[in-house]
>>> print(open('input.cif').read())   # mmCIF, C-alpha atoms
data_start
loop_
_atom_site.group_PDB
_atom_site.id
_atom_site.type_symbol
_atom_site.label_atom_id
_atom_site.label_comp_id
_atom_site.auth_asym_id
_atom_site.auth_seq_id
_atom_site.Cartn_x
_atom_site.Cartn_y
_atom_site.Cartn_z
ATOM 1 C CA MET A 1 -54.211 -27.122 26.786
ATOM 2 C CA LYS A 2 -50.723 -27.307 28.281
ATOM 3 C CA ALA A 3 -52.195 -26.497 31.685
ATOM 4 C CA VAL A 4 -54.681 -29.345 31.340
ATOM 5 C CA LEU A 5 -51.910 -31.769 30.340
ATOM 6 C CA MET A 6 -49.737 -30.715 33.281
ATOM 7 C CA ALA A 7 -52.653 -31.174 35.675
ATOM 8 C CA GLY A 8 -53.158 -34.646 34.231
ATOM 9 C CA LEU A 9 -49.477 -35.455 34.712
ATOM 10 C CA ALA A 10 -49.638 -34.175 38.295
ATOM 11 C CA GLY A 11 -52.653 -36.418 38.940
ATOM 12 C CA LEU A 12 -50.840 -39.402 37.453
ATOM 13 C CA LEU A 13 -47.756 -38.837 39.629
ATOM 14 C CA PHE A 14 -49.956 -38.323 42.660
ATOM 15 C CA ALA A 15 -51.619 -41.708 42.082
ATOM 16 C CA LEU A 16 -48.284 -43.482 41.576
ATOM 17 C CA GLY A 17 -47.012 -41.903 44.802
ATOM 18 C CA LEU A 18 -50.083 -43.093 46.679
ATOM 19 C CA GLY A 19 -49.698 -46.604 45.279
ATOM 20 C CA ILE A 20 -45.942 -46.902 45.903
ATOM 21 C CA GLY A 21 -46.465 -45.481 49.381
ATOM 22 C CA GLY A 22 -49.096 -48.127 50.156
ATOM 23 C CA MET A 23 -52.001 -45.711 50.483
ATOM 24 C CA THR A 24 -54.140 -47.497 47.877
ATOM 25 C CA ASP A 25 -54.321 -50.404 50.325
ATOM 26 C CA PRO A 26 -56.991 -49.483 52.893
ATOM 27 C CA ALA A 27 -55.614 -52.130 55.268
ATOM 28 C CA LYS A 28 -52.418 -50.063 55.591
ATOM 29 C CA VAL A 29 -54.379 -46.852 56.206
ATOM 30 C CA VAL A 30 -56.538 -48.475 58.875
ATOM 31 C CA GLY A 31 -53.370 -50.152 60.199
ATOM 32 C CA PHE A 32 -51.871 -46.687 60.732
ATOM 33 C CA LEU A 33 -54.961 -45.494 62.573
ATOM 34 C CA ASP A 34 -55.036 -48.666 64.694
ATOM 35 C CA VAL A 35 -52.634 -47.446 67.373
ATOM 36 C CA ALA A 36 -53.902 -50.018 69.884
ATOM 37 C CA GLY A 37 -53.335 -52.915 67.510
ATOM 38 C CA ASP A 38 -50.569 -53.990 65.149
ATOM 39 C CA TRP A 39 -49.556 -50.438 64.215
ATOM 40 C CA ASP A 40 -48.426 -49.826 60.618
ATOM 41 C CA PRO A 41 -46.343 -46.619 60.424
ATOM 42 C CA SER A 42 -46.347 -46.454 56.579
ATOM 43 C CA LEU A 43 -48.688 -43.484 56.366
ATOM 44 C CA ALA A 44 -46.441 -41.441 58.646
ATOM 45 C CA PHE A 45 -43.526 -41.987 56.248
ATOM 46 C CA VAL A 46 -45.694 -41.113 53.248
ATOM 47 C CA MET A 47 -46.650 -37.881 55.002
ATOM 48 C CA ALA A 48 -43.030 -37.173 55.918
ATOM 49 C CA GLY A 49 -41.840 -37.745 52.344
ATOM 50 C CA ALA A 50 -44.613 -35.595 50.877
ATOM 51 C CA LEU A 51 -44.258 -32.801 53.425
ATOM 52 C CA GLY A 52 -40.491 -32.618 53.169
ATOM 53 C CA THR A 53 -40.496 -32.573 49.384
ATOM 54 C CA HIS A 54 -43.351 -30.123 48.987
ATOM 55 C CA ALA A 55 -42.235 -27.759 51.749
ATOM 56 C CA LEU A 56 -38.827 -27.466 50.079
ATOM 57 C CA LEU A 57 -40.031 -27.205 46.473
ATOM 58 C CA ARG A 58 -42.813 -24.712 47.173
ATOM 59 C CA ARG A 59 -40.312 -22.262 48.638
ATOM 60 C CA LEU A 60 -38.327 -22.424 45.419
ATOM 61 C CA ILE A 61 -41.465 -22.202 43.274
ATOM 62 C CA LEU A 62 -42.816 -19.160 45.122
ATOM 63 C CA ARG A 63 -39.682 -17.202 44.228
ATOM 64 C CA ARG A 64 -41.288 -16.873 40.806
ATOM 65 C CA LYS A 65 -43.614 -13.973 40.120
ATOM 66 C CA GLN A 66 -46.298 -16.260 38.717
ATOM 67 C CA PRO A 67 -46.947 -19.898 37.797
ATOM 68 C CA VAL A 68 -45.684 -21.074 34.411
ATOM 69 C CA LEU A 69 -49.132 -21.526 32.872
ATOM 70 C CA ALA A 70 -51.409 -19.407 35.065
ATOM 71 C CA PRO A 71 -51.609 -15.731 36.038
ATOM 72 C CA THR A 72 -51.354 -15.990 39.829
ATOM 73 C CA PHE A 73 -50.408 -18.236 42.705
ATOM 74 C CA PRO A 74 -53.285 -19.079 45.047
ATOM 75 C CA SER A 75 -53.884 -16.388 47.633
ATOM 76 C CA LEU A 76 -54.370 -18.421 50.779
ATOM 77 C CA LYS A 77 -55.324 -16.005 53.451
ATOM 78 C CA GLN A 78 -54.954 -17.519 56.874
ATOM 79 C CA ALA A 79 -58.525 -17.708 58.104
ATOM 80 C CA ARG A 80 -59.104 -18.546 61.724
ATOM 81 C CA VAL A 81 -59.734 -21.969 63.169
ATOM 82 C CA ASP A 82 -63.488 -22.321 63.608
ATOM 83 C CA GLY A 83 -66.187 -24.879 64.287
ATOM 84 C CA ARG A 84 -66.661 -25.698 60.619
ATOM 85 C CA LEU A 85 -63.000 -26.588 60.215
ATOM 86 C CA VAL A 86 -62.868 -28.785 63.302
ATOM 87 C CA GLY A 87 -66.344 -30.282 62.807
ATOM 88 C CA GLY A 88 -65.689 -31.025 59.149
ATOM 89 C CA ALA A 89 -62.317 -32.593 59.856
ATOM 90 C CA ALA A 90 -63.852 -34.652 62.685
ATOM 91 C CA LEU A 91 -66.580 -36.069 60.403
ATOM 92 C CA PHE A 92 -64.024 -36.677 57.667
ATOM 93 C CA GLY A 93 -61.806 -38.633 60.059
ATOM 94 C CA ILE A 94 -64.689 -40.894 61.131
ATOM 95 C CA GLY A 95 -65.432 -41.790 57.507
ATOM 96 C CA TRP A 96 -61.739 -42.235 56.784
ATOM 97 C CA GLY A 97 -61.280 -44.606 59.719
ATOM 98 C CA LEU A 98 -64.440 -46.524 58.856
ATOM 99 C CA ALA A 99 -63.405 -47.372 55.281
ATOM 100 C CA GLY A 100 -59.690 -46.620 55.022
ATOM 101 C CA TYR A 101 -60.336 -44.436 51.975
ATOM 102 C CA CYS A 102 -59.881 -40.700 51.597
ATOM 103 C CA PRO A 103 -60.634 -38.908 48.311
ATOM 104 C CA GLY A 104 -57.209 -39.332 46.647
ATOM 105 C CA PRO A 105 -56.814 -43.097 47.049
ATOM 106 C CA ALA A 106 -60.510 -43.717 46.356
ATOM 107 C CA LEU A 107 -60.379 -41.843 43.037
ATOM 108 C CA THR A 108 -57.085 -43.555 42.184
ATOM 109 C CA LEU A 109 -58.975 -46.845 42.576
ATOM 110 C CA LEU A 110 -61.881 -45.656 40.398
ATOM 111 C CA VAL A 111 -61.201 -48.167 37.606
ATOM 112 C CA THR A 112 -59.381 -50.908 39.492
ATOM 113 C CA GLY A 113 -61.002 -50.866 42.925
ATOM 114 C CA GLY A 114 -64.190 -52.777 42.260
ATOM 115 C CA PRO A 115 -67.752 -52.220 43.498
ATOM 116 C CA THR A 116 -66.902 -51.186 47.072
ATOM 117 C CA VAL A 117 -64.749 -48.295 45.867
ATOM 118 C CA LEU A 118 -67.375 -47.251 43.310
ATOM 119 C CA LEU A 119 -70.010 -47.220 46.030
ATOM 120 C CA PHE A 120 -67.705 -45.198 48.288
ATOM 121 C CA ILE A 121 -67.013 -42.659 45.518
ATOM 122 C CA ALA A 122 -70.706 -42.309 44.652
ATOM 123 C CA SER A 123 -71.497 -41.794 48.312
ATOM 124 C CA MET A 124 -68.626 -39.303 48.719
ATOM 125 C CA LEU A 125 -69.943 -37.267 45.775
ATOM 126 C CA ALA A 126 -73.411 -37.395 47.347
ATOM 127 C CA GLY A 127 -71.872 -36.090 50.580
ATOM 128 C CA MET A 128 -70.221 -33.231 48.700
ATOM 129 C CA GLY A 129 -73.528 -32.510 46.957
ATOM 130 C CA ALA A 130 -75.322 -32.585 50.308
ATOM 131 C CA PHE A 131 -72.842 -30.041 51.614
ATOM 132 C CA ARG A 132 -73.587 -27.758 48.644
ATOM 133 C CA TRP A 133 -77.308 -28.076 49.273
ATOM 134 C CA TRP A 134 -76.841 -27.386 52.987
ATOM 135 C CA GLU A 135 -74.720 -24.320 52.242
ATOM 136 C CA SER A 136 -77.174 -22.813 49.800
ATOM 137 C CA ALA A 137 -80.154 -23.627 52.030
ATOM 138 C CA ARG A 138 -78.435 -21.861 54.909
ATOM 139 C CA ALA A 139 -77.501 -18.914 52.734
ATOM 140 C CA SER A 140 -81.090 -18.484 51.569
ATOM 141 C CA GLY A 141 -82.366 -18.668 55.142
ATOM 142 C CA ALA A 142 -84.287 -21.911 54.658
ATOM 143 C CA LEU A 143 -82.381 -23.492 57.521
ATOM 144 C CA PRO A 144 -81.811 -22.066 60.990
ATOM 145 C CA HIS A 145 -78.627 -20.106 61.037
ATOM 146 C CA ALA A 146 -75.977 -20.770 63.613
ATOM 147 C CA ARG A 147 -73.482 -17.964 63.489
ATOM 148 C CA SER A 148 -70.197 -19.238 62.139
ATOM 149 C CA GLY A 149 -66.989 -17.815 60.814
ATOM 150 C CA MET B 1 -38.035 -52.504 56.205
ATOM 151 C CA MET B 2 -38.332 -51.615 52.530
ATOM 152 C CA ASN B 3 -42.103 -51.778 52.746
ATOM 153 C CA THR B 4 -42.665 -49.837 55.921
ATOM 154 C CA PHE B 5 -39.994 -47.195 55.468
ATOM 155 C CA LEU B 6 -38.361 -46.638 52.078
ATOM 156 C CA LEU B 7 -41.312 -47.213 49.755
ATOM 157 C CA PRO B 8 -43.636 -44.972 51.791
ATOM 158 C CA LEU B 9 -40.972 -42.228 51.829
ATOM 159 C CA LEU B 10 -40.498 -42.587 48.067
ATOM 160 C CA GLY B 11 -44.249 -42.604 47.449
ATOM 161 C CA GLY B 12 -44.630 -39.549 49.658
ATOM 162 C CA ALA B 13 -41.861 -37.738 47.781
ATOM 163 C CA LEU B 14 -43.693 -38.417 44.491
ATOM 164 C CA ILE B 15 -46.854 -36.943 45.986
ATOM 165 C CA GLY B 16 -44.841 -33.909 47.084
ATOM 166 C CA VAL B 17 -43.431 -33.510 43.562
ATOM 167 C CA SER B 18 -46.934 -33.834 42.100
ATOM 168 C CA ALA B 19 -48.297 -31.113 44.400
ATOM 169 C CA SER B 20 -45.305 -28.940 43.498
ATOM 170 C CA LEU B 21 -45.854 -29.404 39.745
ATOM 171 C CA LEU B 22 -49.481 -28.381 40.100
ATOM 172 C CA LEU B 23 -48.402 -25.263 42.003
ATOM 173 C CA LEU B 24 -45.569 -24.428 39.606
ATOM 174 C CA PHE B 25 -47.490 -24.859 36.347
ATOM 175 C CA ASN B 26 -51.151 -24.377 37.265
ATOM 176 C CA GLY B 27 -50.893 -22.239 40.398
ATOM 177 C CA ARG B 28 -53.214 -24.657 42.159
ATOM 178 C CA VAL B 29 -53.270 -26.495 45.472
ATOM 179 C CA ALA B 30 -53.350 -30.278 45.135
ATOM 180 C CA GLY B 31 -56.312 -30.903 47.395
ATOM 181 C CA VAL B 32 -58.245 -33.827 45.980
ATOM 182 C CA SER B 33 -61.542 -33.063 47.747
ATOM 183 C CA GLY B 34 -61.368 -29.419 46.637
ATOM 184 C CA ILE B 35 -60.518 -30.366 43.054
ATOM 185 C CA THR B 36 -63.424 -32.830 43.015
ATOM 186 C CA GLY B 37 -65.844 -30.502 44.794
ATOM 187 C CA GLY B 38 -65.121 -27.745 42.260
ATOM 188 C CA LEU B 39 -66.471 -29.994 39.512
ATOM 189 C CA LEU B 40 -69.869 -30.099 41.222
ATOM 190 C CA THR B 41 -70.223 -26.361 40.569
ATOM 191 C CA PRO B 42 -68.481 -26.129 37.206
ATOM 192 C CA ALA B 43 -67.255 -22.667 36.233
ATOM 193 C CA ALA B 44 -66.148 -21.745 32.717
ATOM 194 C CA GLY B 45 -62.438 -22.369 32.174
ATOM 195 C CA ASP B 46 -62.125 -24.171 35.492
ATOM 196 C CA VAL B 47 -63.228 -27.664 34.513
ATOM 197 C CA GLY B 48 -60.407 -28.931 32.298
ATOM 198 C CA TRP B 49 -57.537 -28.997 34.766
ATOM 199 C CA ARG B 50 -59.720 -30.503 37.488
ATOM 200 C CA ALA B 51 -61.004 -33.271 35.223
ATOM 201 C CA ALA B 52 -57.463 -33.874 33.929
ATOM 202 C CA PHE B 53 -56.035 -34.191 37.443
ATOM 203 C CA LEU B 54 -58.728 -36.693 38.439
ATOM 204 C CA GLY B 55 -58.309 -38.534 35.131
ATOM 205 C CA GLY B 56 -54.575 -38.704 35.841
ATOM 206 C CA LEU B 57 -55.330 -40.203 39.248
ATOM 207 C CA ALA B 58 -57.540 -42.910 37.734
ATOM 208 C CA LEU B 59 -54.999 -43.602 34.977
ATOM 209 C CA GLY B 60 -52.336 -43.910 37.671
ATOM 210 C CA GLY B 61 -54.555 -46.477 39.375
ATOM 211 C CA VAL B 62 -54.724 -48.474 36.131
ATOM 212 C CA LEU B 63 -50.919 -48.367 35.777
ATOM 213 C CA LEU B 64 -50.573 -49.507 39.397
ATOM 214 C CA GLY B 65 -52.883 -52.406 38.595
ATOM 215 C CA VAL B 66 -50.587 -53.427 35.724
ATOM 216 C CA PHE B 67 -47.142 -52.809 37.198
ATOM 217 C CA LEU B 68 -47.671 -52.955 40.971
ATOM 218 C CA PRO B 69 -50.856 -54.958 41.484
ATOM 219 C CA ARG B 70 -50.128 -55.768 45.103
ATOM 220 C CA SER B 71 -50.408 -52.055 45.896
ATOM 221 C CA LEU B 72 -54.156 -52.270 45.287
ATOM 222 C CA GLY B 73 -55.385 -53.787 48.530
ATOM 223 C CA ALA B 74 -58.822 -55.253 49.060
ATOM 224 C CA PRO B 75 -61.512 -53.246 50.845
ATOM 225 C CA VAL B 76 -61.619 -53.532 54.629
ATOM 226 C CA VAL B 77 -64.841 -51.603 55.218
ATOM 227 C CA PRO B 78 -67.359 -53.766 57.101
ATOM 228 C CA GLY B 79 -70.332 -53.911 54.743
ATOM 229 C CA VAL B 80 -72.393 -51.847 52.311
ATOM 230 C CA GLY B 81 -73.997 -49.650 54.964
ATOM 231 C CA ALA B 82 -70.602 -48.712 56.396
ATOM 232 C CA THR B 83 -69.303 -47.960 52.887
ATOM 233 C CA LEU B 84 -72.202 -45.585 52.227
ATOM 234 C CA LEU B 85 -71.827 -43.890 55.610
ATOM 235 C CA ALA B 86 -68.045 -43.556 55.214
ATOM 236 C CA GLY B 87 -68.424 -41.978 51.766
ATOM 237 C CA LEU B 88 -71.021 -39.490 52.989
ATOM 238 C CA LEU B 89 -68.877 -38.484 55.967
ATOM 239 C CA VAL B 90 -65.722 -38.136 53.859
ATOM 240 C CA GLY B 91 -67.541 -36.098 51.196
ATOM 241 C CA PHE B 92 -69.494 -33.813 53.532
ATOM 242 C CA GLY B 93 -66.721 -33.495 56.116
ATOM 243 C CA SER B 94 -63.980 -32.640 53.637
ATOM 244 C CA ARG B 95 -66.082 -29.852 52.120
ATOM 245 C CA LEU B 96 -67.197 -28.490 55.489
ATOM 246 C CA GLY B 97 -63.644 -28.588 56.839
ATOM 247 C CA GLY B 98 -62.210 -27.124 53.635
ATOM 248 C CA GLY B 99 -59.877 -29.984 52.758
ATOM 249 C CA CYS B 100 -58.823 -33.575 53.176
ATOM 250 C CA THR B 101 -55.662 -35.587 53.677
ATOM 251 C CA SER B 102 -54.002 -33.984 50.648
ATOM 252 C CA GLY B 103 -55.182 -30.366 50.832
ATOM 253 C CA HIS B 104 -54.826 -29.962 54.602
ATOM 254 C CA GLY B 105 -52.555 -32.882 55.477
ATOM 255 C CA ILE B 106 -49.898 -32.288 52.838
ATOM 256 C CA CYS B 107 -50.248 -28.909 51.099
ATOM 257 C CA GLY B 108 -51.551 -26.980 54.105
ATOM 258 C CA VAL B 109 -49.164 -28.460 56.646
ATOM 259 C CA ALA B 110 -46.215 -27.973 54.252
ATOM 260 C CA ARG B 111 -47.220 -24.301 54.088
ATOM 261 C CA GLY B 112 -47.323 -24.126 57.877
ATOM 262 C CA ALA B 113 -51.009 -23.151 57.953
ATOM 263 C CA THR B 114 -52.448 -23.368 61.463
ATOM 264 C CA ARG B 115 -55.881 -24.335 60.115
ATOM 265 C CA SER B 116 -54.407 -27.289 58.265
ATOM 266 C CA VAL B 117 -52.400 -28.482 61.261
ATOM 267 C CA VAL B 118 -55.568 -28.340 63.399
ATOM 268 C CA ALA B 119 -57.633 -30.113 60.723
ATOM 269 C CA THR B 120 -55.018 -32.843 60.265
ATOM 270 C CA ALA B 121 -54.700 -33.442 64.010
ATOM 271 C CA THR B 122 -58.504 -33.595 64.223
ATOM 272 C CA PHE B 123 -59.101 -36.084 61.434
ATOM 273 C CA VAL B 124 -56.261 -38.337 62.521
ATOM 274 C CA ALA B 125 -57.697 -38.262 66.065
ATOM 275 C CA THR B 126 -61.263 -39.150 64.998
ATOM 276 C CA GLY B 127 -59.877 -41.737 62.565
ATOM 277 C CA VAL B 128 -57.903 -43.379 65.378
ATOM 278 C CA LEU B 129 -60.966 -43.277 67.626
ATOM 279 C CA THR B 130 -63.184 -44.806 64.924
ATOM 280 C CA VAL B 131 -60.772 -47.669 64.260
ATOM 281 C CA PHE B 132 -60.417 -48.231 68.014
ATOM 282 C CA VAL B 133 -64.175 -48.490 68.456
ATOM 283 C CA ILE B 134 -64.611 -50.817 65.460
ATOM 284 C CA ARG B 135 -61.647 -53.089 66.086
ATOM 285 C CA HIS B 136 -61.255 -53.150 69.822
ATOM 286 C CA LEU B 137 -64.640 -52.288 71.319
ATOM 287 C CA LEU B 138 -66.989 -53.832 68.782
ATOM 288 C CA GLY B 139 -64.445 -56.407 67.623
ATOM 289 C CA GLY B 140 -65.416 -55.917 63.973
ATOM 290 C CA ALA B 141 -63.486 -57.554 61.173
ATOM 291 C CA SER B 142 -62.417 -54.329 59.482
#
>>> encode(input="input.cif", output="structure tokens")
Amino acid sequence: MKAVLMAGLAGLLFALGLGIGGMTDPAKVVGFLDVAGDWDPSLAFVMAGALGTHALLRRLILRRKQPVLAPTFPSLKQARVDGRLVGGAALFGIGWGLAGYCPGPALTLLVTGGPTVLLFIASMLAGMGAFRWWESARASGALPHARSG
Amino acid sequence: MMNTFLLPLLGGALIGVSASLLLLFNGRVAGVSGITGGLLTPAAGDVGWRAAFLGGLALGGVLLGVFLPRSLGAPVVPGVGATLLAGLLVGFGSRLGGGCTSGHGICGVARGATRSVVATATFVATGVLTVFVIRHLLGGAS
């Protein structure tokens, strides 16, 4: 129960950070990506603030043997860079640039964002579901199999 | 000045603290697409924290609407078709690439993971290209 409450608190803080940083305004996100237009550097400062803070704190946190409310820290083995990573990130970036929403800000706007955000979220979940279907179809051999990492 | 520099830095720091809390208490990476995607294949004992994190996000959005309403900008996406396409690409692409702006862009890059640096460079590049095509080649209103 404590773990669930802490996750909820983390989500709440995350949303407030996005909002204060301007990332719940898609015009600012698209403004950052619009390098040939009236460039808005906000997102770069949000990234810098988040990276600096998290890079520092995670080093302190990982001195512990285990998380406070869980048995182990995530084991993130460094897999190699492959076509799935680059292809997935490329598709993600196109959608991000098109709408100015990525998953965090979109879900932050779930209640307050209106019909466009709801449509985006529904479509995003459909995209995630489509990925699951595609994965399992490939695994079962129903789709042609390109060798990947 | 305040709006383009200090507030984004402060907001970013809050996001960094949030990701650190999730690591410290739950031993989890704050990747929003991964947290969401995990709910589509619910495993016993793995649903609560994910749902709570996403609920916290939405609650945060409600608080922003009350206390900082100007932070909630209007949509810029050009039309329903573009909204649907953007959602599909963000959903499918983030799962295929193993992360999004938070998981790769913040947590992964903060860890110094090569994969996350490559993913972040890639999605910023295709995002820039997409906005360039829409705004400057097609002259769309987005």
>>> resolve_selection(input="input.cif", expression="the PyMOL selection byres ((chain A and resi 14) around 8)", output="PDB file with C-alpha atoms, in the frame of the given file")
ATOM      1  CA  ALA A  10     -49.638 -34.175  38.295  1.00  0.00           C
ATOM      2  CA  GLY A  11     -52.653 -36.418  38.940  1.00  0.00           C
ATOM      3  CA  LEU A  12     -50.840 -39.402  37.453  1.00  0.00           C
ATOM      4  CA  LEU A  13     -47.756 -38.837  39.629  1.00  0.00           C
ATOM      5  CA  ALA A  15     -51.619 -41.708  42.082  1.00  0.00           C
ATOM      6  CA  LEU A  16     -48.284 -43.482  41.576  1.00  0.00           C
ATOM      7  CA  GLY A  17     -47.012 -41.903  44.802  1.00  0.00           C
ATOM      8  CA  LEU A  18     -50.083 -43.093  46.679  1.00  0.00           C
TER       9      LEU A  18
ATOM     10  CA  LEU B  14     -43.693 -38.417  44.491  1.00  0.00           C
ATOM     11  CA  ILE B  15     -46.854 -36.943  45.986  1.00  0.00           C
ATOM     12  CA  SER B  18     -46.934 -33.834  42.100  1.00  0.00           C
ATOM     13  CA  ALA B  19     -48.297 -31.113  44.400  1.00  0.00           C
ATOM     14  CA  LEU B  57     -55.330 -40.203  39.248  1.00  0.00           C
ATOM     15  CA  GLY B  60     -52.336 -43.910  37.671  1.00  0.00           C
TER      16      GLY B  60
END
>>> residues_around(input="input.cif", residues="Gly93 of chain B", least_positions_apart="5", cutoff="7 Å", atoms="only C-alpha atoms", output="ChimeraX atom specification")
/A:88-89,91-92
>>> resolve_selection(input="input.cif", expression="the PyMOL selection byres ((chain B and resi 74) around 12)", output="VMD selection string")
(chain A and resid 23 to 29 99 to 101 106 109 112 to 117) or (chain B and resid 69 to 73 75 to 78 142)
>>> interface_residues(input="input.cif", of="chain B", to="chain A", cutoff="6 Å", atoms="only C-alpha atoms", output="MDAnalysis selection string")
chainID B and resid 4 7:9 11:16 18 20 24:27 32:33 48:49 52:53 56:58 60:61 71:73 77 83:84 86:94 96:97 106 110 115 119 122:123 126:128 130:131
>>> atom_distance(input="input.cif", atom1="atom CA of Lys65 of chain A", atom2="atom CA of Thr101 of chain B")
28.2 Å
>>> atom_distance(input="input.cif", atom1="atom CA of Val62 of chain B", atom2="atom CA of Leu22 of chain B")
21.1 Å
>>> atom_distance(input="input.cif", atom1="atom CA of Gly45 of chain B", atom2="atom CA of His104 of chain B")
24.9 Å
>>> closest_residue(input="input.cif", among="B:Leu6, B:Val47, B:Cys100, B:Leu64", to="Gly34 of chain B", atoms="all atoms listed in the file")
B:Cys100
>>> build_atoms(input="input.cif", residues="segment 12-23 of chain B", atoms="N, CA and C atoms", output="short mmCIF file (atom, residue, chain, number, x, y, z; two decimals), in the frame of the given file")
data_model
loop_
_atom_site.label_atom_id
_atom_site.label_comp_id
_atom_site.auth_asym_id
_atom_site.auth_seq_id
_atom_site.Cartn_x
_atom_site.Cartn_y
_atom_site.Cartn_z
N GLY B 12 -44.33 -40.88 49.15
CA GLY B 12 -44.63 -39.55 49.66
C GLY B 12 -43.90 -38.47 48.88
N ALA B 13 -42.63 -38.73 48.55
CA ALA B 13 -41.86 -37.74 47.78
C ALA B 13 -42.51 -37.50 46.41
N LEU B 14 -43.00 -38.58 45.78
CA LEU B 14 -43.69 -38.42 44.49
C LEU B 14 -44.94 -37.54 44.65
N ILE B 15 -45.66 -37.76 45.73
CA ILE B 15 -46.85 -36.94 45.99
C ILE B 15 -46.44 -35.48 46.17
N GLY B 16 -45.34 -35.27 46.89
CA GLY B 16 -44.84 -33.91 47.08
C GLY B 16 -44.43 -33.25 45.77
N VAL B 17 -43.81 -34.03 44.88
CA VAL B 17 -43.43 -33.51 43.56
C VAL B 17 -44.69 -33.18 42.75
N SER B 18 -45.68 -34.07 42.82
CA SER B 18 -46.93 -33.83 42.10
C SER B 18 -47.58 -32.53 42.55
N ALA B 19 -47.69 -32.34 43.87
CA ALA B 19 -48.30 -31.11 44.40
C ALA B 19 -47.48 -29.89 43.97
N SER B 20 -46.16 -30.06 43.89
CA SER B 20 -45.30 -28.94 43.50
C SER B 20 -45.48 -28.60 42.01
N LEU B 21 -45.62 -29.64 41.18
CA LEU B 21 -45.85 -29.40 39.74
C LEU B 21 -47.15 -28.64 39.53
N LEU B 22 -48.18 -29.04 40.27
CA LEU B 22 -49.48 -28.38 40.10
C LEU B 22 -49.40 -26.92 40.53
N LEU B 23 -48.60 -26.64 41.56
CA LEU B 23 -48.40 -25.26 42.00
C LEU B 23 -47.56 -24.49 40.98
#
